[in-house]
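Structure file target-v5.pdb (PDB, C-alpha atoms and all ligand atoms) is printed below.
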```
ATOM      1  CA  MET A 586     -20.272 -57.981 -36.913  1.00  0.00           C
ATOM      2  CA  ASN A 587     -20.786 -59.959 -40.130  1.00  0.00           C
ATOM      3  CA  PHE A 588     -23.393 -62.707 -40.372  1.00  0.00           C
ATOM      4  CA  SER A 589     -23.821 -64.784 -43.475  1.00  0.00           C
ATOM      5  CA  ASN A 590     -23.283 -63.860 -47.111  1.00  0.00           C
ATOM      6  CA  ASN A 591     -22.188 -60.287 -46.438  1.00  0.00           C
ATOM      7  CA  GLN A 592     -25.075 -59.454 -44.119  1.00  0.00           C
ATOM      8  CA  HIS A 593     -24.529 -56.614 -41.669  1.00  0.00           C
ATOM      9  CA  HIS A 594     -26.281 -55.513 -38.496  1.00  0.00           C
ATOM     10  CA  LEU A 595     -28.498 -52.547 -39.296  1.00  0.00           C
ATOM     11  CA  LEU A 596     -28.775 -51.486 -35.647  1.00  0.00           C
ATOM     12  CA  GLY A 597     -24.992 -51.078 -35.569  1.00  0.00           C
ATOM     13  CA  THR A 598     -24.959 -48.853 -38.659  1.00  0.00           C
ATOM     14  CA  THR A 599     -25.265 -45.084 -38.827  1.00  0.00           C
ATOM     15  CA  LEU A 600     -27.725 -43.343 -41.112  1.00  0.00           C
ATOM     16  CA  ASN A 601     -24.732 -41.903 -42.993  1.00  0.00           C
ATOM     17  CA  ASP A 602     -23.260 -45.339 -43.677  1.00  0.00           C
ATOM     18  CA  PHE A 603     -26.649 -46.721 -44.682  1.00  0.00           C
ATOM     19  CA  THR A 604     -27.127 -43.768 -47.052  1.00  0.00           C
ATOM     20  CA  VAL A 605     -23.786 -44.675 -48.662  1.00  0.00           C
ATOM     21  CA  PHE A 606     -25.018 -48.270 -49.089  1.00  0.00           C
ATOM     22  CA  CYS A 607     -28.204 -46.973 -50.750  1.00  0.00           C
ATOM     23  CA  ALA A 608     -26.188 -44.783 -53.133  1.00  0.00           C
ATOM     24  CA  GLU A 609     -23.956 -47.740 -54.019  1.00  0.00           C
ATOM     25  CA  HIS A 610     -27.087 -49.726 -54.910  1.00  0.00           C
ATOM     26  CA  ASP A 611     -28.674 -46.951 -57.002  1.00  0.00           C
ATOM     27  CA  LEU A 612     -31.318 -46.156 -54.407  1.00  0.00           C
ATOM     28  CA  PRO A 613     -32.374 -42.556 -53.782  1.00  0.00           C
ATOM     29  CA  LYS A 614     -31.185 -40.948 -50.555  1.00  0.00           C
ATOM     30  CA  TYR A 615     -34.704 -40.807 -49.068  1.00  0.00           C
ATOM     31  CA  ARG A 616     -34.818 -44.622 -48.958  1.00  0.00           C
ATOM     32  CA  ALA A 617     -32.225 -44.642 -46.188  1.00  0.00           C
ATOM     33  CA  LYS A 618     -34.359 -42.287 -44.093  1.00  0.00           C
ATOM     34  CA  GLN A 619     -37.478 -44.346 -44.803  1.00  0.00           C
ATOM     35  CA  VAL A 620     -35.820 -47.512 -43.532  1.00  0.00           C
ATOM     36  CA  PHE A 621     -34.469 -45.769 -40.421  1.00  0.00           C
ATOM     37  CA  GLU A 622     -37.914 -44.325 -39.691  1.00  0.00           C
ATOM     38  CA  TRP A 623     -39.391 -47.803 -39.835  1.00  0.00           C
ATOM     39  CA  VAL A 624     -36.761 -49.101 -37.456  1.00  0.00           C
ATOM     40  CA  TYR A 625     -36.356 -46.235 -34.989  1.00  0.00           C
ATOM     41  CA  THR A 626     -39.673 -44.344 -35.137  1.00  0.00           C
ATOM     42  CA  LYS A 627     -42.084 -47.194 -35.762  1.00  0.00           C
ATOM     43  CA  GLY A 628     -39.974 -49.869 -34.081  1.00  0.00           C
ATOM     44  CA  VAL A 629     -40.288 -52.619 -36.690  1.00  0.00           C
ATOM     45  CA  SER A 630     -37.762 -55.438 -36.603  1.00  0.00           C
ATOM     46  CA  ASN A 631     -38.036 -56.906 -40.098  1.00  0.00           C
ATOM     47  CA  PHE A 632     -38.139 -55.623 -43.649  1.00  0.00           C
ATOM     48  CA  VAL A 633     -41.433 -57.380 -44.474  1.00  0.00           C
ATOM     49  CA  GLU A 634     -43.362 -54.784 -42.429  1.00  0.00           C
ATOM     50  CA  MET A 635     -41.934 -51.838 -44.394  1.00  0.00           C
ATOM     51  CA  SER A 636     -45.044 -51.412 -46.491  1.00  0.00           C
ATOM     52  CA  ASN A 637     -43.929 -48.370 -48.490  1.00  0.00           C
ATOM     53  CA  LEU A 638     -40.984 -50.338 -49.928  1.00  0.00           C
ATOM     54  CA  SER A 639     -41.491 -52.630 -52.914  1.00  0.00           C
ATOM     55  CA  LYS A 640     -41.139 -56.382 -52.402  1.00  0.00           C
ATOM     56  CA  PRO A 641     -37.963 -56.614 -54.548  1.00  0.00           C
ATOM     57  CA  LEU A 642     -36.403 -53.775 -52.539  1.00  0.00           C
ATOM     58  CA  ARG A 643     -37.296 -55.427 -49.227  1.00  0.00           C
ATOM     59  CA  GLU A 644     -35.782 -58.683 -50.465  1.00  0.00           C
ATOM     60  CA  MET A 645     -32.602 -56.945 -51.606  1.00  0.00           C
ATOM     61  CA  LEU A 646     -32.249 -55.210 -48.222  1.00  0.00           C
ATOM     62  CA  ALA A 647     -32.784 -58.488 -46.380  1.00  0.00           C
ATOM     63  CA  GLU A 648     -29.970 -60.048 -48.394  1.00  0.00           C
ATOM     64  CA  HIS A 649     -27.547 -57.446 -47.097  1.00  0.00           C
ATOM     65  CA  TRP A 650     -28.874 -56.501 -43.665  1.00  0.00           C
ATOM     66  CA  VAL A 651     -30.169 -58.049 -40.471  1.00  0.00           C
ATOM     67  CA  ILE A 652     -32.146 -55.781 -38.130  1.00  0.00           C
ATOM     68  CA  ASN A 653     -32.210 -58.029 -35.059  1.00  0.00           C
ATOM     69  CA  THR A 654     -29.390 -60.483 -34.486  1.00  0.00           C
ATOM     70  CA  GLY A 655     -30.201 -61.642 -30.955  1.00  0.00           C
ATOM     71  CA  LYS A 656     -32.687 -64.271 -29.880  1.00  0.00           C
ATOM     72  CA  GLU A 657     -34.664 -63.947 -26.652  1.00  0.00           C
ATOM     73  CA  ILE A 658     -34.038 -67.167 -24.781  1.00  0.00           C
ATOM     74  CA  ARG A 659     -35.438 -66.242 -21.357  1.00  0.00           C
ATOM     75  CA  ARG A 660     -37.810 -63.670 -19.898  1.00  0.00           C
ATOM     76  CA  GLN A 661     -38.390 -63.174 -16.184  1.00  0.00           C
ATOM     77  CA  GLN A 662     -40.844 -60.748 -14.603  1.00  0.00           C
ATOM     78  CA  ALA A 663     -40.677 -59.669 -10.964  1.00  0.00           C
ATOM     79  CA  SER A 664     -43.662 -58.617  -8.875  1.00  0.00           C
ATOM     80  CA  ASP A 665     -42.577 -54.942  -9.077  1.00  0.00           C
ATOM     81  CA  GLY A 666     -42.873 -55.031 -12.875  1.00  0.00           C
ATOM     82  CA  THR A 667     -39.155 -55.377 -13.591  1.00  0.00           C
ATOM     83  CA  ILE A 668     -38.606 -57.566 -16.662  1.00  0.00           C
ATOM     84  CA  LYS A 669     -35.288 -59.244 -17.413  1.00  0.00           C
ATOM     85  CA  LEU A 670     -34.462 -60.577 -20.896  1.00  0.00           C
ATOM     86  CA  LEU A 671     -31.648 -62.971 -21.710  1.00  0.00           C
ATOM     87  CA  LEU A 672     -30.550 -62.538 -25.329  1.00  0.00           C
ATOM     88  CA  GLU A 673     -28.387 -64.982 -27.235  1.00  0.00           C
ATOM     89  CA  TRP A 674     -26.124 -63.564 -29.944  1.00  0.00           C
ATOM     90  CA  PRO A 675     -25.061 -65.324 -33.178  1.00  0.00           C
ATOM     91  CA  ASP A 676     -21.824 -66.638 -31.622  1.00  0.00           C
ATOM     92  CA  SER A 677     -23.925 -68.239 -28.822  1.00  0.00           C
ATOM     93  CA  VAL A 678     -22.799 -65.907 -26.029  1.00  0.00           C
ATOM     94  CA  THR A 679     -25.592 -64.340 -23.977  1.00  0.00           C
ATOM     95  CA  SER A 680     -26.257 -61.049 -22.238  1.00  0.00           C
ATOM     96  CA  GLU A 681     -28.994 -59.630 -20.060  1.00  0.00           C
ATOM     97  CA  CYS A 682     -31.004 -56.456 -20.330  1.00  0.00           C
ATOM     98  CA  VAL A 683     -33.679 -55.216 -17.958  1.00  0.00           C
ATOM     99  CA  LEU A 684     -36.763 -53.000 -18.042  1.00  0.00           C
ATOM    100  CA  ILE A 685     -37.142 -51.045 -14.802  1.00  0.00           C
ATOM    101  CA  SER A 686     -40.498 -49.302 -14.253  1.00  0.00           C
ATOM    102  CA  GLU A 687     -40.808 -46.493 -11.700  1.00  0.00           C
ATOM    103  CA  ASP A 688     -43.875 -44.258 -11.775  1.00  0.00           C
ATOM    104  CA  ARG A 689     -43.911 -42.891 -15.317  1.00  0.00           C
ATOM    105  CA  ARG A 690     -40.230 -43.584 -15.963  1.00  0.00           C
ATOM    106  CA  ARG A 691     -39.232 -46.573 -18.063  1.00  0.00           C
ATOM    107  CA  THR A 692     -35.535 -47.403 -17.942  1.00  0.00           C
ATOM    108  CA  ALA A 693     -33.613 -49.882 -20.077  1.00  0.00           C
ATOM    109  CA  CYS A 694     -30.593 -51.267 -18.247  1.00  0.00           C
ATOM    110  CA  ILE A 695     -28.335 -52.762 -20.904  1.00  0.00           C
ATOM    111  CA  SER A 696     -25.056 -54.704 -20.916  1.00  0.00           C
ATOM    112  CA  SER A 697     -21.881 -53.500 -22.614  1.00  0.00           C
ATOM    113  CA  GLN A 698     -19.854 -56.726 -22.432  1.00  0.00           C
ATOM    114  CA  VAL A 699     -20.190 -60.477 -22.055  1.00  0.00           C
ATOM    115  CA  GLY A 700     -18.484 -61.057 -18.733  1.00  0.00           C
ATOM    116  CA  CYS A 701     -16.364 -58.280 -17.294  1.00  0.00           C
ATOM    117  CA  PRO A 702     -12.597 -57.697 -17.089  1.00  0.00           C
ATOM    118  CA  VAL A 703     -12.716 -55.694 -13.837  1.00  0.00           C
ATOM    119  CA  GLY A 704     -13.530 -58.449 -11.362  1.00  0.00           C
ATOM    120  CA  CYS A 705     -14.950 -56.507  -8.407  1.00  0.00           C
ATOM    121  CA  GLN A 706     -15.078 -58.864  -5.444  1.00  0.00           C
ATOM    122  CA  PHE A 707     -18.747 -58.232  -4.672  1.00  0.00           C
ATOM    123  CA  CYS A 708     -19.956 -58.944  -8.229  1.00  0.00           C
ATOM    124  CA  ALA A 709     -20.583 -62.283  -9.936  1.00  0.00           C
ATOM    125  CA  SER A 710     -20.366 -60.762 -13.432  1.00  0.00           C
ATOM    126  CA  GLY A 711     -16.602 -60.596 -13.412  1.00  0.00           C
ATOM    127  CA  LEU A 712     -15.957 -64.094 -12.016  1.00  0.00           C
ATOM    128  CA  GLY A 713     -15.200 -65.624 -15.425  1.00  0.00           C
ATOM    129  CA  GLY A 714     -13.397 -62.564 -16.798  1.00  0.00           C
ATOM    130  CA  LEU A 715     -14.253 -60.938 -20.095  1.00  0.00           C
ATOM    131  CA  GLN A 716     -15.583 -63.102 -22.930  1.00  0.00           C
ATOM    132  CA  ARG A 717     -16.009 -60.279 -25.411  1.00  0.00           C
ATOM    133  CA  ASN A 718     -17.215 -56.738 -25.882  1.00  0.00           C
ATOM    134  CA  LEU A 719     -20.746 -56.294 -27.157  1.00  0.00           C
ATOM    135  CA  THR A 720     -20.930 -54.385 -30.419  1.00  0.00           C
ATOM    136  CA  ALA A 721     -22.668 -51.016 -30.760  1.00  0.00           C
ATOM    137  CA  GLY A 722     -25.445 -52.796 -32.655  1.00  0.00           C
ATOM    138  CA  GLU A 723     -25.917 -55.353 -29.895  1.00  0.00           C
ATOM    139  CA  MET A 724     -26.226 -52.577 -27.322  1.00  0.00           C
ATOM    140  CA  VAL A 725     -28.756 -50.694 -29.463  1.00  0.00           C
ATOM    141  CA  GLU A 726     -30.640 -53.959 -29.987  1.00  0.00           C
ATOM    142  CA  GLN A 727     -30.960 -54.464 -26.236  1.00  0.00           C
ATOM    143  CA  ALA A 728     -32.470 -50.985 -25.859  1.00  0.00           C
ATOM    144  CA  MET A 729     -34.846 -51.664 -28.761  1.00  0.00           C
ATOM    145  CA  SER A 730     -35.891 -54.986 -27.219  1.00  0.00           C
ATOM    146  CA  ILE A 731     -36.702 -53.250 -23.937  1.00  0.00           C
ATOM    147  CA  ARG A 732     -38.504 -50.476 -25.799  1.00  0.00           C
ATOM    148  CA  ARG A 733     -40.759 -53.116 -27.384  1.00  0.00           C
ATOM    149  CA  LEU A 734     -41.768 -54.276 -23.904  1.00  0.00           C
ATOM    150  CA  CYS A 735     -42.927 -50.726 -22.992  1.00  0.00           C
ATOM    151  CA  GLU A 736     -44.859 -49.762 -26.093  1.00  0.00           C
ATOM    152  CA  PRO A 737     -47.514 -48.854 -26.973  1.00  0.00           C
ATOM    153  CA  ILE A 738     -48.605 -47.966 -23.430  1.00  0.00           C
ATOM    154  CA  HIS A 739     -45.381 -46.312 -22.263  1.00  0.00           C
ATOM    155  CA  ARG A 740     -42.333 -44.732 -23.817  1.00  0.00           C
ATOM    156  CA  LEU A 741     -38.815 -45.808 -23.009  1.00  0.00           C
ATOM    157  CA  ASN A 742     -37.306 -42.628 -21.586  1.00  0.00           C
ATOM    158  CA  ASN A 743     -34.040 -43.651 -19.976  1.00  0.00           C
ATOM    159  CA  ILE A 744     -31.126 -45.943 -20.873  1.00  0.00           C
ATOM    160  CA  VAL A 745     -28.377 -46.913 -18.429  1.00  0.00           C
ATOM    161  CA  LEU A 746     -25.265 -49.006 -19.075  1.00  0.00           C
ATOM    162  CA  MET A 747     -25.450 -50.807 -15.756  1.00  0.00           C
ATOM    163  CA  GLY A 748     -25.849 -54.405 -16.936  1.00  0.00           C
ATOM    164  CA  LEU A 749     -23.028 -56.825 -17.496  1.00  0.00           C
ATOM    165  CA  GLY A 750     -19.607 -55.300 -18.127  1.00  0.00           C
ATOM    166  CA  GLU A 751     -17.721 -52.074 -17.531  1.00  0.00           C
ATOM    167  CA  PRO A 752     -18.646 -49.765 -20.437  1.00  0.00           C
ATOM    168  CA  LEU A 753     -15.476 -47.667 -20.200  1.00  0.00           C
ATOM    169  CA  THR A 754     -13.398 -50.734 -21.047  1.00  0.00           C
ATOM    170  CA  ASN A 755     -15.419 -51.282 -24.236  1.00  0.00           C
TER     171      ASN A 755
HETATM  172  S1  LIG B 801     -19.878 -55.618 -13.923  1.00  0.00           S
HETATM  173 FE1  LIG B 801     -19.372 -53.752 -12.780  1.00  0.00          FE
HETATM  174  S2  LIG B 801     -19.442 -54.360 -10.628  1.00  0.00           S
HETATM  175 FE2  LIG B 801     -19.335 -56.267 -11.849  1.00  0.00          FE
HETATM  176  S3  LIG B 801     -17.140 -56.784 -11.979  1.00  0.00           S
HETATM  177 FE3  LIG B 801     -17.636 -55.530 -13.770  1.00  0.00          FE
HETATM  178  S4  LIG B 801     -17.174 -53.390 -13.151  1.00  0.00           S
HETATM  179 FE4  LIG B 801     -17.287 -54.632 -11.292  1.00  0.00          FE
END
```
Turn the structure described in the file into structure tokens.
Amino acid sequence: MNFSNNQHHLLGTTLNDFTVFCAEHDLPKYRAKQVFEWVYTKGVSNFVEMSNLSKPLREMLAEHWVINTGKEIRRQQASDGTIKLLLEWPDSVTSECVLISEDRRRTACISSQVGCPVGCQFCASGLGGLQRNLTAGEMVEQAMSIRRLCEPIHRLNNIVLMGLGEPLTN
């Protein structure tokens, strides 16, 4: 999904594609790995925190890429520790993702669509039909948002596509 002025969603981009971008901008190959380590190993969500990158490089990357595109607009916590986040995407649609805690297991339950085309009679998610598919980046972003709720005390160790939508239709 494009944002403004040719910005792209980093969480929806493969390391290979990001390496191609780096090559096209005269950056050495290792820069792509550095950025992905910041995002996926250290869990940062903005370029400012990438302290081994120069300021001009961070600014150039921020011109072309957005790491997080969603905005958390609601958080609810249940007495059993379950936490539900409502994220709003740039086109104003929303989707839910949930952290489920059981013993030492931390599970992210993420959505694959906004609405659902299947319309099972017992489920409210399909009542309004399908609004749109979530992108790969939006699904990764949900998992990363849930991961942030677990760390540093726990590790996210399970991801299920059991939120809004039928993943096999996306
Ligand atoms: S979200 Fe799942 S249960 Fe609900 S309508 Fe879609 S396929 Fe059926």
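Taking atom CA of A:Gly750 and atom CA of A:Ser710 as the two end points, the separation is 7.2 Å.
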- Task: Would you please work out which residue, of A:Leu684, A:Gly704, A:Thr604, A:Leu753, is nearest to A:Thr667 when using all atoms listed in the file?
- Result: A:Leu684
Kindly compute an axis-aligned box around the listed atoms of ligand LIG 801 (chain B), allowing 8 Å on each side, and express its centre and edge lengths in Å to one decimal as JSON.
```
{"center_x": -18.5, "center_y": -55.1, "center_z": -12.3, "size_x": 18.7, "size_y": 19.4, "size_z": 19.3}
```
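Proximity ranking of A:Leu741, A:Leu642, A:Leu734, A:Ala709 relative to ligand LIG 801 (chain B) places A:Ala709 first, based on only C-alpha atoms and all ligand atoms.
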- What is the distance, in Å and to one decimal place, between atom CA of A:Ser697 and atom CA of A:Thr679? 11.5 Å
- Item | Expected selection from the PyMOL selection byres (((chain A and resi 614-627) around 12) and not hetatm), given as a PyMOL selection string | chain A and resi 595-613+628-639+642-643+646-647+650-653+725-726+728-730+732-733+736-737+740
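All residues, whether protein, DNA or RNA, that have an atom at most 6 Å from ligand LIG 801 (chain B) (counting all atoms listed in the file) are A:Cys701, A:Val703, A:Gly704, A:Cys705, A:Cys708, A:Ser710, A:Gly711, A:Leu749, A:Gly750, A:Glu751.
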Would you save the residues of that selection, restricted to C-alpha atoms, as a PDB file, in the coordinates of the input?
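Output below, filename selection_13.pdb:
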```pdb
ATOM      1  CA  CYS A 701     -16.364 -58.280 -17.294  1.00  0.00           C
ATOM      2  CA  VAL A 703     -12.716 -55.694 -13.837  1.00  0.00           C
ATOM      3  CA  GLY A 704     -13.530 -58.449 -11.362  1.00  0.00           C
ATOM      4  CA  CYS A 705     -14.950 -56.507  -8.407  1.00  0.00           C
ATOM      5  CA  CYS A 708     -19.956 -58.944  -8.229  1.00  0.00           C
ATOM      6  CA  SER A 710     -20.366 -60.762 -13.432  1.00  0.00           C
ATOM      7  CA  GLY A 711     -16.602 -60.596 -13.412  1.00  0.00           C
ATOM      8  CA  LEU A 749     -23.028 -56.825 -17.496  1.00  0.00           C
ATOM      9  CA  GLY A 750     -19.607 -55.300 -18.127  1.00  0.00           C
ATOM     10  CA  GLU A 751     -17.721 -52.074 -17.531  1.00  0.00           C
TER      11      GLU A 751
END
```
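Residue nearest A:Cys735 within the list A:Ile685, A:Leu719, A:Leu670, A:Cys694: A:Ile685 [criterion: smallest interatomic distance, only C-alpha atoms].
Distance annotation: of A:Pro675, A:Gly666, A:Pro641, A:Pro702, the residue with the minimal separation from A:Asn755 is A:Pro702; atom set is all atoms listed in the file.
Nearest residue to A:Gly722 among A:Asp688, A:Val683, A:Ser696, A:Ala663 is A:Ser696, counting all atoms listed in the file.
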- On this structure, which residues satisfy the PyMOL selection byres (((chain A and resi 676) around 12) and not hetatm), written as a PyMOL selection string? chain A and resi 586-588+654-656+672-675+677-680+699+716-717+719
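For the atom pair formed by atom CA of A:Ala693 and atom CA of A:His649, the distance is 28.7 Å, given to one decimal.
The nearest approach to A:Ser686 among the residues A:Gln706, A:Asn718, A:Asn743, A:Gln661, with only C-alpha atoms taken into account, belongs to A:Asn743.
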Can you rebuild stretch 682-693 of chain A with all heavy atoms and give it as an mmCIF file, keeping the file's coordinate frame?
```
data_model
loop_
_atom_site.group_PDB
_atom_site.id
_atom_site.type_symbol
_atom_site.label_atom_id
_atom_site.label_comp_id
_atom_site.auth_asym_id
_atom_site.auth_seq_id
_atom_site.Cartn_x
_atom_site.Cartn_y
_atom_site.Cartn_z
ATOM 1 N N CYS A 682 -30.567 -57.845 -20.394
ATOM 2 C CA CYS A 682 -31.004 -56.456 -20.330
ATOM 3 C C CYS A 682 -32.314 -56.431 -19.552
ATOM 4 O O CYS A 682 -33.019 -57.433 -19.481
ATOM 5 C CB CYS A 682 -31.151 -55.842 -21.715
ATOM 6 S SG CYS A 682 -32.104 -56.810 -22.896
ATOM 7 N N VAL A 683 -32.594 -55.272 -18.932
ATOM 8 C CA VAL A 683 -33.679 -55.216 -17.958
ATOM 9 C C VAL A 683 -34.530 -53.968 -18.192
ATOM 10 O O VAL A 683 -33.993 -52.887 -18.478
ATOM 11 C CB VAL A 683 -33.096 -55.176 -16.517
ATOM 12 C CG1 VAL A 683 -34.209 -55.132 -15.472
ATOM 13 C CG2 VAL A 683 -32.186 -56.375 -16.268
ATOM 14 N N LEU A 684 -35.842 -54.145 -18.067
ATOM 15 C CA LEU A 684 -36.763 -53.000 -18.042
ATOM 16 C C LEU A 684 -37.094 -52.702 -16.589
ATOM 17 O O LEU A 684 -37.575 -53.583 -15.863
ATOM 18 C CB LEU A 684 -38.050 -53.320 -18.810
ATOM 19 C CG LEU A 684 -39.216 -52.343 -18.600
ATOM 20 C CD1 LEU A 684 -38.874 -50.947 -19.119
ATOM 21 C CD2 LEU A 684 -40.484 -52.858 -19.285
ATOM 22 N N ILE A 685 -36.819 -51.473 -16.162
ATOM 23 C CA ILE A 685 -37.142 -51.045 -14.802
ATOM 24 C C ILE A 685 -38.237 -49.987 -14.899
ATOM 25 O O ILE A 685 -38.078 -48.985 -15.602
ATOM 26 C CB ILE A 685 -35.902 -50.467 -14.099
ATOM 27 C CG1 ILE A 685 -34.785 -51.522 -14.063
ATOM 28 C CG2 ILE A 685 -36.235 -50.003 -12.683
ATOM 29 C CD1 ILE A 685 -33.407 -50.950 -13.826
ATOM 30 N N SER A 686 -39.361 -50.229 -14.201
ATOM 31 C CA SER A 686 -40.498 -49.302 -14.253
ATOM 32 C C SER A 686 -40.643 -48.610 -12.909
ATOM 33 O O SER A 686 -40.749 -49.278 -11.873
ATOM 34 C CB SER A 686 -41.787 -50.071 -14.560
ATOM 35 O OG SER A 686 -41.658 -50.794 -15.766
ATOM 36 N N GLU A 687 -40.615 -47.280 -12.926
ATOM 37 C CA GLU A 687 -40.808 -46.493 -11.700
ATOM 38 C C GLU A 687 -41.712 -45.333 -12.032
ATOM 39 O O GLU A 687 -41.326 -44.476 -12.832
ATOM 40 C CB GLU A 687 -39.474 -45.908 -11.220
ATOM 41 C CG GLU A 687 -38.608 -46.839 -10.424
ATOM 42 C CD GLU A 687 -37.286 -46.150 -10.120
ATOM 43 O OE1 GLU A 687 -36.640 -45.657 -11.058
ATOM 44 O OE2 GLU A 687 -36.936 -46.091 -8.946
ATOM 45 N N ASP A 688 -42.889 -45.294 -11.444
ATOM 46 C CA ASP A 688 -43.875 -44.258 -11.775
ATOM 47 C C ASP A 688 -44.020 -44.187 -13.297
ATOM 48 O O ASP A 688 -44.315 -45.170 -13.930
ATOM 49 C CB ASP A 688 -43.486 -42.905 -11.169
ATOM 50 C CG ASP A 688 -43.343 -43.009 -9.654
ATOM 51 O OD1 ASP A 688 -44.145 -43.746 -9.049
ATOM 52 O OD2 ASP A 688 -42.429 -42.396 -9.086
ATOM 53 N N ARG A 689 -43.759 -42.996 -13.860
ATOM 54 C CA ARG A 689 -43.911 -42.891 -15.317
ATOM 55 C C ARG A 689 -42.602 -43.133 -16.059
ATOM 56 O O ARG A 689 -42.538 -43.049 -17.270
ATOM 57 C CB ARG A 689 -44.472 -41.515 -15.679
ATOM 58 C CG ARG A 689 -45.987 -41.501 -15.553
ATOM 59 C CD ARG A 689 -46.579 -40.254 -16.143
ATOM 60 N NE ARG A 689 -46.612 -39.182 -15.157
ATOM 61 C CZ ARG A 689 -46.901 -37.919 -15.449
ATOM 62 N NH1 ARG A 689 -47.164 -37.568 -16.667
ATOM 63 N NH2 ARG A 689 -46.933 -37.014 -14.500
ATOM 64 N N ARG A 690 -41.537 -43.397 -15.325
ATOM 65 C CA ARG A 690 -40.230 -43.584 -15.963
ATOM 66 C C ARG A 690 -40.028 -45.041 -16.363
ATOM 67 O O ARG A 690 -40.281 -45.951 -15.576
ATOM 68 C CB ARG A 690 -39.146 -43.152 -14.969
ATOM 69 C CG ARG A 690 -37.743 -43.349 -15.486
ATOM 70 C CD ARG A 690 -36.754 -42.840 -14.463
ATOM 71 N NE ARG A 690 -36.664 -41.402 -14.521
ATOM 72 C CZ ARG A 690 -35.520 -40.748 -14.723
ATOM 73 N NH1 ARG A 690 -34.404 -41.396 -14.861
ATOM 74 N NH2 ARG A 690 -35.506 -39.449 -14.767
ATOM 75 N N ARG A 691 -39.564 -45.235 -17.588
ATOM 76 C CA ARG A 691 -39.232 -46.573 -18.063
ATOM 77 C C ARG A 691 -37.759 -46.575 -18.450
ATOM 78 O O ARG A 691 -37.337 -45.857 -19.358
ATOM 79 C CB ARG A 691 -40.082 -46.965 -19.288
ATOM 80 C CG ARG A 691 -41.582 -47.082 -18.968
ATOM 81 C CD ARG A 691 -41.885 -48.265 -18.053
ATOM 82 N NE ARG A 691 -43.277 -48.359 -17.638
ATOM 83 C CZ ARG A 691 -43.854 -47.673 -16.662
ATOM 84 N NH1 ARG A 691 -43.143 -46.804 -15.970
ATOM 85 N NH2 ARG A 691 -45.122 -47.846 -16.349
ATOM 86 N N THR A 692 -36.982 -47.384 -17.747
ATOM 87 C CA THR A 692 -35.535 -47.403 -17.942
ATOM 88 C C THR A 692 -35.091 -48.741 -18.514
ATOM 89 O O THR A 692 -35.495 -49.800 -18.037
ATOM 90 C CB THR A 692 -34.815 -47.182 -16.589
ATOM 91 O OG1 THR A 692 -35.178 -45.897 -16.085
ATOM 92 C CG2 THR A 692 -33.303 -47.261 -16.731
ATOM 93 N N ALA A 693 -34.255 -48.672 -19.554
ATOM 94 C CA ALA A 693 -33.613 -49.882 -20.077
ATOM 95 C C ALA A 693 -32.214 -49.948 -19.470
ATOM 96 O O ALA A 693 -31.419 -49.018 -19.627
ATOM 97 C CB ALA A 693 -33.519 -49.831 -21.598
#
```
